[in-house]
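run36.txt (compact mmCIF, C-alpha atoms) appears below.
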```txt
# COMPACT_ATOMS: atom_id res chain seq x y z
CA MET A 1 56.96 -49.59 105.58
CA GLU A 2 54.33 -48.69 108.10
CA ILE A 3 52.65 -45.30 108.36
CA GLU A 4 50.07 -43.90 110.74
CA VAL A 5 46.91 -42.43 109.26
CA ILE A 6 44.80 -39.87 111.12
CA SER A 7 41.74 -38.16 109.74
CA PHE A 8 39.44 -35.24 110.52
CA GLY A 9 35.96 -33.89 109.95
CA LYS A 10 33.69 -35.93 107.75
CA ILE A 11 36.60 -38.12 106.62
CA ALA A 12 37.03 -39.33 110.22
CA GLU A 13 33.54 -40.81 109.89
CA PHE A 14 34.77 -43.46 107.46
CA ILE A 15 38.58 -43.57 107.93
CA PRO A 16 39.42 -44.12 111.61
CA GLN A 17 42.92 -43.61 112.95
CA GLN A 18 45.01 -46.65 111.99
CA LYS A 19 48.43 -47.96 111.06
CA ILE A 20 48.81 -49.08 107.46
CA SER A 21 51.51 -51.30 106.02
CA LEU A 22 52.49 -50.15 102.57
CA SER A 23 54.35 -51.84 99.78
CA ASN A 24 54.80 -50.29 96.33
CA VAL A 25 53.88 -46.88 97.74
CA SER A 26 56.78 -44.47 98.07
CA ASN A 27 55.28 -40.97 97.93
CA THR A 28 52.14 -39.02 98.77
CA ASP A 29 50.74 -39.15 95.21
CA GLU A 30 50.90 -42.93 95.24
CA LEU A 31 49.42 -42.92 98.72
CA LYS A 32 46.39 -40.99 97.48
CA VAL A 33 45.74 -43.62 94.81
CA TYR A 34 46.10 -46.31 97.46
CA LEU A 35 43.77 -44.56 99.91
CA GLU A 36 41.10 -43.83 97.32
CA LYS A 37 41.07 -47.51 96.33
CA ASP A 38 40.94 -48.70 99.94
CA PHE A 39 38.37 -46.07 100.98
CA PRO A 40 36.23 -45.43 97.89
CA ALA A 41 34.26 -42.68 99.68
CA LEU A 42 37.46 -40.59 99.67
CA ALA A 43 37.59 -40.50 95.87
CA GLY A 44 34.47 -38.36 95.63
CA ILE A 45 35.48 -35.56 97.99
CA LYS A 46 38.04 -32.79 98.19
CA TYR A 47 40.79 -33.39 100.71
CA LYS A 48 44.35 -32.43 101.57
CA LEU A 49 47.11 -34.48 103.15
CA ALA A 50 49.51 -33.40 105.84
CA LEU A 51 52.77 -35.28 106.31
CA ASN A 52 54.19 -35.10 109.83
CA LYS A 53 52.17 -31.94 110.56
CA ASN A 54 53.03 -30.14 107.33
CA ILE A 55 50.44 -29.62 104.65
CA VAL A 56 51.46 -31.46 101.47
CA GLN A 57 51.66 -28.95 98.62
CA SER A 58 53.44 -31.15 96.08
CA THR A 59 54.32 -34.81 96.27
CA LEU A 60 56.63 -35.88 99.09
CA ASN A 61 58.44 -39.15 99.71
CA LEU A 62 57.18 -41.33 102.53
CA ASN A 63 59.28 -42.94 105.23
CA ASN A 64 58.63 -45.59 107.80
CA ASN A 65 56.61 -44.27 110.79
CA ASP A 66 55.44 -41.15 108.99
CA VAL A 67 52.15 -39.68 110.15
CA ILE A 68 49.71 -38.82 107.38
CA ALA A 69 46.64 -36.69 108.12
CA ILE A 70 43.69 -36.73 105.73
CA MET A 71 41.82 -33.45 105.92
CA PRO A 72 38.55 -32.38 104.27
CA PRO A 73 38.01 -28.68 103.40
CA PHE A 74 38.47 -26.42 106.42
CA SER A 75 35.48 -24.78 108.06
CA GLY A 76 36.78 -22.87 111.05
CA GLY A 77 35.72 -19.40 112.12
CA MET B 1 18.10 41.54 110.62
CA GLU B 2 19.46 39.76 113.62
CA ILE B 3 21.11 36.34 113.60
CA GLU B 4 22.52 34.17 116.34
CA VAL B 5 26.10 33.01 116.00
CA ILE B 6 27.41 29.90 117.75
CA SER B 7 30.88 28.46 117.39
CA PHE B 8 32.83 25.34 118.21
CA GLY B 9 36.31 23.98 118.84
CA LYS B 10 39.17 26.44 118.48
CA ILE B 11 36.86 29.02 116.90
CA ALA B 12 34.88 29.18 120.15
CA GLU B 13 38.07 30.47 121.77
CA PHE B 14 37.78 33.79 119.89
CA ILE B 15 34.15 33.99 118.73
CA PRO B 16 31.80 33.51 121.67
CA GLN B 17 28.10 32.84 121.21
CA GLN B 18 26.38 36.14 120.35
CA LYS B 19 23.60 37.87 118.48
CA ILE B 20 24.67 39.98 115.52
CA SER B 21 22.68 42.71 113.78
CA LEU B 22 23.33 42.65 110.07
CA SER B 23 22.71 45.17 107.38
CA ASN B 24 23.85 44.73 103.78
CA VAL B 25 24.36 40.99 104.39
CA SER B 26 21.77 38.75 102.75
CA ASN B 27 23.41 35.36 102.28
CA THR B 28 26.05 33.07 103.77
CA ASP B 29 28.79 34.13 101.33
CA GLU B 30 28.38 37.76 102.36
CA LEU B 31 28.25 36.66 105.99
CA LYS B 32 31.65 34.97 105.65
CA VAL B 33 33.19 38.21 104.40
CA TYR B 34 31.55 40.06 107.28
CA LEU B 35 32.74 37.55 109.88
CA GLU B 36 36.31 37.44 108.59
CA LYS B 37 36.48 41.22 108.80
CA ASP B 38 34.99 41.32 112.29
CA PHE B 39 37.08 38.38 113.53
CA PRO B 40 40.36 38.50 111.60
CA ALA B 41 41.58 35.24 113.22
CA LEU B 42 38.86 33.42 111.25
CA ALA B 43 40.34 34.43 107.91
CA GLY B 44 43.41 32.28 108.46
CA ILE B 45 41.70 28.98 109.23
CA LYS B 46 39.49 26.41 107.52
CA TYR B 47 35.90 26.43 108.69
CA LYS B 48 32.39 25.49 107.65
CA LEU B 49 29.09 27.16 108.41
CA ALA B 50 25.85 25.50 109.40
CA LEU B 51 22.58 27.37 108.95
CA ASN B 52 19.82 26.28 111.31
CA LYS B 53 21.56 22.92 111.92
CA ASN B 54 22.26 22.18 108.25
CA ILE B 55 25.77 22.30 106.89
CA VAL B 56 26.09 25.01 104.26
CA GLN B 57 27.26 23.44 101.00
CA SER B 58 26.58 26.38 98.69
CA THR B 59 25.43 29.89 99.51
CA LEU B 60 22.05 30.22 101.27
CA ASN B 61 19.93 33.29 101.95
CA LEU B 62 19.73 34.50 105.53
CA ASN B 63 16.58 35.38 107.42
CA ASN B 64 15.91 37.14 110.66
CA ASN B 65 16.57 34.92 113.71
CA ASP B 66 18.61 32.37 111.77
CA VAL B 67 21.21 30.44 113.74
CA ILE B 68 24.64 30.27 112.17
CA ALA B 69 27.25 27.84 113.50
CA ILE B 70 30.92 28.37 112.71
CA MET B 71 32.78 25.06 112.75
CA PRO B 72 36.51 24.32 112.41
CA PRO B 73 37.64 20.99 110.86
CA PHE B 74 36.08 18.00 112.62
CA SER B 75 38.19 15.79 114.84
CA GLY B 76 35.90 13.17 116.32
CA GLY B 77 36.60 9.47 116.69
CA MET C 1 14.59 10.82 105.33
CA SER C 2 12.65 8.07 107.08
CA ASP C 3 10.65 8.67 110.21
CA LYS C 4 12.78 6.32 112.29
CA LYS C 5 13.69 7.72 115.66
CA ILE C 6 16.99 9.58 115.83
CA LYS C 7 19.29 7.67 118.20
CA ASN C 8 21.65 9.40 120.57
CA ILE C 9 25.28 8.32 120.05
CA PHE C 10 26.77 10.60 122.69
CA SER C 11 27.50 9.87 126.30
CA LYS C 12 29.58 11.66 128.90
CA GLY C 13 32.95 10.11 129.72
CA ALA C 14 34.88 7.09 128.48
CA ILE C 15 33.25 3.97 127.05
CA SER C 16 33.85 1.07 129.42
CA PRO C 17 34.83 -2.44 128.30
CA LEU C 18 31.93 -3.77 130.40
CA PHE C 19 29.48 -1.66 128.42
CA ILE C 20 30.94 -3.23 125.27
CA ALA C 21 30.62 -6.74 126.76
CA ASP C 22 27.00 -6.03 127.61
CA SER C 23 26.36 -4.80 124.09
CA ILE C 24 27.90 -7.98 122.66
CA SER C 25 25.86 -10.23 125.01
CA LYS C 26 22.62 -8.70 123.86
CA HIS C 27 23.20 -10.20 120.41
CA SER C 28 23.22 -13.84 121.50
CA SER C 29 19.46 -14.05 120.96
CA LYS C 30 19.85 -12.80 117.37
CA THR C 31 20.69 -16.19 115.94
CA ASN C 32 20.67 -14.99 112.34
CA ILE C 33 23.96 -13.16 113.02
CA GLY C 34 27.17 -14.90 111.92
CA GLY C 35 29.72 -12.07 112.17
CA HIS C 36 30.28 -9.01 114.32
CA SER C 37 32.76 -6.24 113.56
CA ILE C 38 33.86 -3.71 116.16
CA PHE C 39 36.03 -0.64 115.96
CA MET C 40 37.13 1.18 119.10
CA GLY C 41 39.00 4.46 119.24
CA GLN C 42 41.39 4.89 122.17
CA VAL C 43 43.00 8.15 123.29
CA ARG C 44 46.75 8.07 122.59
CA LYS C 45 49.35 9.60 124.88
CA ASP C 46 50.99 11.33 121.91
CA GLU C 47 54.11 13.38 122.40
CA ILE C 48 53.84 16.75 120.64
CA ASP C 49 56.74 19.23 120.93
CA GLY C 50 57.96 17.42 124.02
CA LYS C 51 54.58 17.50 125.77
CA LEU C 52 52.48 14.41 126.48
CA VAL C 53 48.75 14.25 125.80
CA ALA C 54 47.02 13.48 129.10
CA ALA C 55 43.45 13.49 127.78
CA ILE C 56 41.19 14.63 124.97
CA GLU C 57 38.16 16.76 125.74
CA TYR C 58 35.41 16.12 123.20
CA THR C 59 32.65 18.57 122.33
CA ALA C 60 30.11 18.32 119.53
CA TYR C 61 27.40 20.25 117.79
CA GLU C 62 25.13 17.54 119.07
CA GLU C 63 21.92 18.17 117.16
CA LEU C 64 23.70 18.49 113.83
CA ALA C 65 25.86 15.45 114.59
CA LEU C 66 22.85 13.30 115.48
CA ASN C 67 21.00 14.35 112.32
CA LYS C 68 24.04 13.57 110.23
CA MET C 69 24.61 10.23 112.00
CA HIS C 70 20.99 9.36 111.32
CA GLU C 71 21.54 10.00 107.61
CA ILE C 72 24.73 7.93 107.62
CA ARG C 73 22.94 5.10 109.46
CA GLU C 74 20.14 5.01 106.88
CA GLU C 75 22.61 5.02 104.00
CA ILE C 76 24.67 2.23 105.51
CA PHE C 77 21.59 0.09 106.19
CA ASN C 78 20.52 0.60 102.58
CA LYS C 79 23.97 -0.32 101.29
CA TYR C 80 24.75 -3.40 103.43
CA PRO C 81 22.57 -6.30 104.64
CA LEU C 82 23.15 -5.60 108.34
CA SER C 83 21.34 -7.04 111.31
CA CYS C 84 22.41 -4.26 113.69
CA MET C 85 24.58 -1.22 114.03
CA HIS C 86 25.47 0.53 117.29
CA ILE C 87 27.52 3.71 117.61
CA HIS C 88 28.78 5.41 120.76
CA HIS C 89 30.99 8.49 120.97
CA SER C 90 32.24 10.05 124.18
CA LEU C 91 31.87 13.69 125.14
CA GLY C 92 33.86 15.41 127.87
CA THR C 93 37.33 14.52 129.07
CA ILE C 94 38.67 11.09 128.09
CA LYS C 95 42.05 10.16 129.52
CA ALA C 96 44.87 8.58 127.51
CA GLY C 97 44.24 4.82 127.34
CA GLU C 98 40.46 5.19 127.60
CA LEU C 99 37.98 4.45 124.82
CA CYS C 100 36.17 7.33 123.09
CA LEU C 101 34.50 5.61 120.12
CA PHE C 102 32.68 2.28 119.76
CA VAL C 103 31.25 1.17 116.41
CA PHE C 104 29.57 -2.24 116.31
CA THR C 105 28.03 -3.85 113.22
CA SER C 106 26.57 -7.34 112.78
CA SER C 107 25.39 -9.36 109.81
CA ALA C 108 24.66 -12.95 108.75
CA HIS C 109 28.00 -13.21 106.95
CA ARG C 110 31.22 -11.48 107.83
CA LYS C 111 31.81 -9.20 104.87
CA PRO C 112 28.92 -6.73 105.27
CA ALA C 113 29.64 -6.32 108.99
CA ILE C 114 33.34 -5.64 108.32
CA ASP C 115 32.81 -3.30 105.37
CA ALA C 116 30.02 -1.35 107.08
CA CYS C 117 32.07 -0.93 110.26
CA THR C 118 35.04 0.48 108.35
CA GLU C 119 32.86 2.83 106.31
CA VAL C 120 30.99 4.12 109.36
CA VAL C 121 34.26 4.86 111.17
CA GLU C 122 35.55 6.85 108.19
CA ARG C 123 32.31 8.78 107.89
CA ILE C 124 32.13 9.57 111.62
CA LYS C 125 35.61 11.05 111.45
CA ALA C 126 34.96 13.04 108.29
CA GLU C 127 31.37 14.13 108.65
CA LEU C 128 30.33 14.50 112.28
CA PRO C 129 30.81 17.93 113.90
CA ILE C 130 32.85 16.71 116.87
CA TRP C 131 36.01 18.35 118.16
CA GLY C 132 38.83 16.96 120.26
CA LYS C 133 40.95 19.23 122.41
CA GLU C 134 44.22 17.53 123.29
CA ILE C 135 45.07 18.44 126.85
CA PHE C 136 48.74 18.13 127.73
CA GLU C 137 50.11 17.05 131.09
CA ASN C 138 51.12 20.69 131.77
CA ASP C 139 47.48 21.82 131.20
CA THR C 140 48.16 23.57 127.90
CA HIS C 141 46.18 22.30 124.93
CA GLN C 142 45.93 22.08 121.17
CA TRP C 143 42.99 21.22 118.91
CA LYS C 144 43.17 17.83 117.24
CA GLU C 145 42.58 17.65 113.49
CA ASN C 146 41.55 14.50 111.61
CA ILE C 147 43.70 14.12 108.52
CA MET D 1 60.55 -18.99 111.33
CA SER D 2 61.36 -16.98 114.42
CA ASP D 3 61.87 -18.57 117.80
CA LYS D 4 58.90 -16.74 119.35
CA LYS D 5 56.74 -18.98 121.48
CA ILE D 6 53.82 -20.56 119.67
CA LYS D 7 50.62 -19.26 121.27
CA ASN D 8 47.58 -21.42 121.82
CA ILE D 9 44.48 -20.00 120.15
CA PHE D 10 42.13 -22.83 121.14
CA SER D 11 39.89 -23.10 124.12
CA LYS D 12 37.02 -25.41 124.98
CA GLY D 13 33.54 -23.93 124.69
CA ALA D 14 32.13 -20.56 123.67
CA ILE D 15 34.02 -17.26 124.02
CA SER D 16 32.29 -15.10 126.61
CA PRO D 17 31.67 -11.37 126.23
CA LEU D 18 33.31 -10.87 129.63
CA PHE D 19 36.50 -12.50 128.38
CA ILE D 20 36.41 -10.01 125.50
CA ALA D 21 35.85 -7.09 127.91
CA ASP D 22 38.79 -8.25 129.97
CA SER D 23 40.95 -8.47 126.87
CA ILE D 24 39.96 -4.91 125.89
CA SER D 25 40.66 -3.56 129.40
CA LYS D 26 44.17 -4.92 129.35
CA HIS D 27 45.02 -2.47 126.56
CA SER D 28 44.30 0.72 128.52
CA SER D 29 47.90 0.83 129.71
CA LYS D 30 49.16 0.67 126.10
CA THR D 31 48.78 4.37 125.46
CA ASN D 32 50.40 4.26 122.03
CA ILE D 33 47.28 2.51 120.71
CA GLY D 34 44.72 4.68 118.91
CA GLY D 35 42.51 2.08 117.23
CA HIS D 36 41.29 -1.43 117.97
CA SER D 37 39.55 -3.70 115.50
CA ILE D 38 37.63 -6.79 116.56
CA PHE D 39 35.94 -9.54 114.60
CA MET D 40 33.72 -12.09 116.32
CA GLY D 41 32.18 -15.15 114.72
CA GLN D 42 28.82 -16.23 116.11
CA VAL D 43 27.07 -19.56 115.46
CA ARG D 44 23.99 -19.04 113.29
CA LYS D 45 20.76 -20.99 113.72
CA ASP D 46 20.64 -21.70 109.98
CA GLU D 47 17.74 -23.60 108.51
CA ILE D 48 18.92 -26.33 106.13
CA ASP D 49 16.35 -28.57 104.44
CA GLY D 50 13.83 -27.64 107.11
CA LYS D 51 16.15 -28.44 110.03
CA LEU D 52 17.57 -25.81 112.40
CA VAL D 53 21.21 -25.72 113.45
CA ALA D 54 21.31 -26.03 117.26
CA ALA D 55 25.11 -25.92 117.61
CA ILE D 56 28.41 -26.36 115.83
CA GLU D 57 30.94 -28.82 117.17
CA TYR D 58 34.46 -27.67 116.32
CA THR D 59 37.47 -29.94 116.06
CA ALA D 60 40.95 -29.09 114.79
CA TYR D 61 44.25 -30.64 113.89
CA GLU D 62 45.59 -28.56 116.73
CA GLU D 63 49.35 -28.83 116.27
CA LEU D 64 49.18 -28.08 112.57
CA ALA D 65 46.70 -25.24 113.17
CA LEU D 66 48.91 -23.63 115.81
CA ASN D 67 51.99 -23.85 113.60
CA LYS D 68 50.08 -22.30 110.73
CA MET D 69 48.61 -19.59 112.98
CA HIS D 70 52.13 -18.80 114.17
CA GLU D 71 53.24 -18.32 110.56
CA ILE D 72 50.22 -16.11 109.81
CA ARG D 73 50.88 -14.06 112.93
CA GLU D 74 54.48 -13.42 111.92
CA GLU D 75 53.49 -12.46 108.40
CA ILE D 76 50.79 -10.07 109.62
CA PHE D 77 53.16 -8.42 112.12
CA ASN D 78 55.70 -7.96 109.31
CA LYS D 79 53.06 -6.49 107.00
CA TYR D 80 51.27 -4.07 109.38
CA PRO D 81 52.52 -1.79 112.18
CA LEU D 82 50.47 -3.49 114.90
CA SER D 83 50.75 -3.05 118.64
CA CYS D 84 48.96 -6.31 119.45
CA MET D 85 47.04 -9.18 117.96
CA HIS D 86 44.97 -11.71 119.88
CA ILE D 87 43.17 -14.72 118.40
CA HIS D 88 40.82 -17.15 120.09
CA HIS D 89 38.93 -20.01 118.46
CA SER D 90 36.54 -22.33 120.25
CA LEU D 91 36.68 -26.11 120.20
CA GLY D 92 33.84 -28.41 121.22
CA THR D 93 30.15 -27.67 121.03
CA ILE D 94 29.13 -24.03 120.58
CA LYS D 95 25.42 -23.32 120.64
CA ALA D 96 23.62 -21.03 118.18
CA GLY D 97 24.02 -17.44 119.36
CA GLU D 98 27.36 -18.11 121.09
CA LEU D 99 30.73 -16.78 119.95
CA CYS D 100 33.28 -19.16 118.41
CA LEU D 101 35.94 -16.79 117.05
CA PHE D 102 37.53 -13.63 118.46
CA VAL D 103 40.17 -11.70 116.49
CA PHE D 104 41.51 -8.52 118.09
CA THR D 105 44.11 -6.20 116.54
CA SER D 106 45.40 -2.83 117.75
CA SER D 107 47.60 -0.12 116.28
CA ALA D 108 48.47 3.55 116.68
CA HIS D 109 46.20 4.53 113.79
CA ARG D 110 43.03 2.83 112.68
CA LYS D 111 43.89 1.52 109.24
CA PRO D 112 46.49 -1.14 110.11
CA ALA D 113 44.30 -2.54 112.90
CA ILE D 114 41.28 -2.75 110.57
CA ASP D 115 43.17 -4.22 107.60
CA ALA D 116 45.09 -6.73 109.70
CA CYS D 117 41.92 -7.91 111.45
CA THR D 118 40.13 -8.52 108.15
CA GLU D 119 43.12 -10.33 106.67
CA VAL D 120 43.58 -12.55 109.72
CA VAL D 121 39.91 -13.56 109.69
CA GLU D 122 40.14 -14.53 106.01
CA ARG D 123 43.31 -16.51 106.58
CA ILE D 124 41.93 -18.33 109.64
CA LYS D 125 38.95 -19.47 107.61
CA ALA D 126 41.00 -20.51 104.59
CA GLU D 127 44.18 -21.90 106.11
CA LEU D 128 43.58 -23.35 109.57
CA PRO D 129 42.69 -27.05 109.78
CA ILE D 130 39.51 -26.61 111.81
CA TRP D 131 36.21 -28.33 111.11
CA GLY D 132 32.69 -27.40 112.12
CA LYS D 133 30.00 -30.05 112.43
CA GLU D 134 26.56 -28.44 112.28
CA ILE D 135 24.34 -30.29 114.72
CA PHE D 136 20.64 -29.97 114.02
CA GLU D 137 17.93 -29.82 116.61
CA ASN D 138 16.93 -33.41 115.75
CA ASP D 139 20.52 -34.59 116.47
CA THR D 140 21.41 -35.29 112.84
CA HIS D 141 24.40 -33.34 111.50
CA GLN D 142 26.20 -32.09 108.44
CA TRP D 143 29.75 -30.82 107.98
CA LYS D 144 30.11 -27.10 107.43
CA GLU D 145 32.20 -25.88 104.51
CA ASN D 146 33.73 -22.42 104.22
CA ILE D 147 33.08 -21.06 100.77
```
File written out as structure tokens:
Amino acid sequence: MEIEVISFGKIAEFIPQQKISLSNVSNTDELKVYLEKDFPALAGIKYKLALNKNIVQSTLNLNNNDVIAIMPPFSGG
Amino acid sequence: MEIEVISFGKIAEFIPQQKISLSNVSNTDELKVYLEKDFPALAGIKYKLALNKNIVQSTLNLNNNDVIAIMPPFSGG
Amino acid sequence: MSDKKIKNIFSKGAISPLFIADSISKHSSKTNIGGHSIFMGQVRKDEIDGKLVAAIEYTAYEELALNKMHEIREEIFNKYPLSCMHIHHSLGTIKAGELCLFVFTSSAHRKPAIDACTEVVERIKAELPIWGKEIFENDTHQWKENI
Amino acid sequence: MSDKKIKNIFSKGAISPLFIADSISKHSSKTNIGGHSIFMGQVRKDEIDGKLVAAIEYTAYEELALNKMHEIREEIFNKYPLSCMHIHHSLGTIKAGELCLFVFTSSAHRKPAIDACTEVVERIKAELPIWGKEIFENDTHQWKENI
């Protein structure tokens, strides 16, 4: 399956927006392992995922064409 | 001795600014008794005194030419 | 008590939103400020026994109020790490919908500004000798009491 | 979730004091309001490792932030008896001394306005996907983190 990855803040400095083809990755927990291997800088920082504009609180299954956002800690206000 | 009485809010509606000559009144507690007798409407309401621009917390002695303010509950803001 | 100058908080008539804007603008050069907290009191058109409040007429024992406000100001500055604090209270007749109180506190981080603002508002209402006469649309009145 | 329209809280550039004045003025016809509480965030010229912050550049995951803000708004309106609540957050580059956040709550009595304002500010900082990039005077940067 193919998913779209978008990223924000300091994470956008090393993970640009891109489409990723996944095999052997079926949920957001597995995706994290995949991303941290592909982008080692991600492993060292705190981040949250959002799946199709909803913040991921516990692991969710992925589907073709899902949009995953990788978000560092918020700093609005 | 003579003191000046000023008043505020609803109390000013029945006790106008005036000078009062006192005998047998030496402190603010005795003054309250005197005032409530002279102005019976005062006896029924909550009020505070200020002596020479300081709020009276406990009884204070009076001196000639003191200024006593009679103040109903505050309602600023 | 310190020898700092006693500031006047009273002015005749309602507090205008443009005055507030001007007060806010003046802080843009204070670049150590990170948070501002404002409280504004507005005169309500309350209905009491079928009569509507048209305005509140404020009077104060001004000298006592300014002395007391000075004390409160010193205590608040000692308690919270504030950059600034500005207080304005109207005297005279303020119509329903107009502003009669403006409290403005600023600090590097949000919490002191917010906490100080709240505390100052409470203390103004409880401790300053100010009286509001609620004037009804039929020209009768009653004296407001803070609860 | 209710079917109320999702409001946009974002606008490009700093929030001007005149915009705030205008927002305050609009409430003079709401004569059931007795208290307004405002919080404003201002960009600090912090010194970090000897470098001064010249500006913060804000970006957001806008759709997610607006959905989340909508949820927060509904929860706050259910929790407090508010007359109004207005939220504005800047995007883009905001210079030190300029305003980047404006939270404005109003209610009949002061306490709900004050409590709601404080709670909304906390939730905005903790829950909205917004990021601030602190740009130093020498054009290097670091990413801000809310603690």
Of the listed residues C:Leu64, C:Ser83, C:Thr31, C:Tyr58, that which approaches Leu51 in chain B most closely, counting only C-alpha atoms: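 Looking only at the distances to Leu51 in chain B, the closest residue turns out to be C:Leu64.
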Closest of D:Gly13, D:His27, D:Ala126, D:Glu119 to Leu91 in chain D - atom-to-atom distances counting only C-alpha atoms: D:Gly13
Using all atoms listed in the file, determine which residues lie at most 8 Å from range 39-46 of chain B, disregarding the query and same-chain residues fewer than 5 positions distant; provide the list as a PDB file with C-alpha atoms, keeping the file's coordinate frame.
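New file part_39.pdb:
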```
ATOM      1  CA  ILE B  11      36.860  29.020 116.900  1.00  0.00           C
ATOM      2  CA  PHE B  14      37.780  33.790 119.890  1.00  0.00           C
ATOM      3  CA  ILE B  15      34.150  33.990 118.730  1.00  0.00           C
ATOM      4  CA  PRO B  72      36.510  24.320 112.410  1.00  0.00           C
ATOM      5  CA  PRO B  73      37.640  20.990 110.860  1.00  0.00           C
TER       6      PRO B  73
END
```
Please provide as a list in words all residues within 10 Å of Glu30 in chain B, with the sequence filter that same-chain residues fewer than 4 positions apart are discarded (counting all atoms listed in the file).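 Once the nearby chain positions are removed, what remains is Asn24, Val25, Ser26, Tyr34, Leu35, Thr59, Leu60, Asn61 and Leu62 of chain B.
You will find CA of Leu31 in chain A at 26.4 Å from CA of Lys144 in chain D.
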Atomic separation - CA of Ser107 in chain D relative to CA of Arg123 in chain D, Å: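 Separation of CA of Arg123 in chain D and CA of Ser107 in chain D: 19.5 Å.
With only C-alpha atoms as the atoms that count, the residue of D:Ile24, D:Ile135, D:Leu66, D:Cys84 with the shortest distance to chain C is D:Ile24.
Of the listed residues (C:Gly35, C:Gly41, C:Pro129, C:Pro112), C:Gly41 comes nearest to His88 in chain C; the distances count only C-alpha atoms.
Our summary of the geometry notes that CA of Ala54 in chain D is positioned 17.3 Å from CA of Leu101 in chain D.
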Within 10 Å of Glu122 in chain C, counting all atoms listed in the file, which residues qualify if same-chain residues fewer than 6 places away don't, as a PyMOL selection string? (chain B and resi 77) or (chain C and resi 116) or (chain D and resi 110-111)
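Of the residues under consideration (B:Leu22, B:Ile3, B:Val33, B:Ala12), B:Ala12 shows the shortest atom-to-atom contact distance to chain C when counting only C-alpha atoms.
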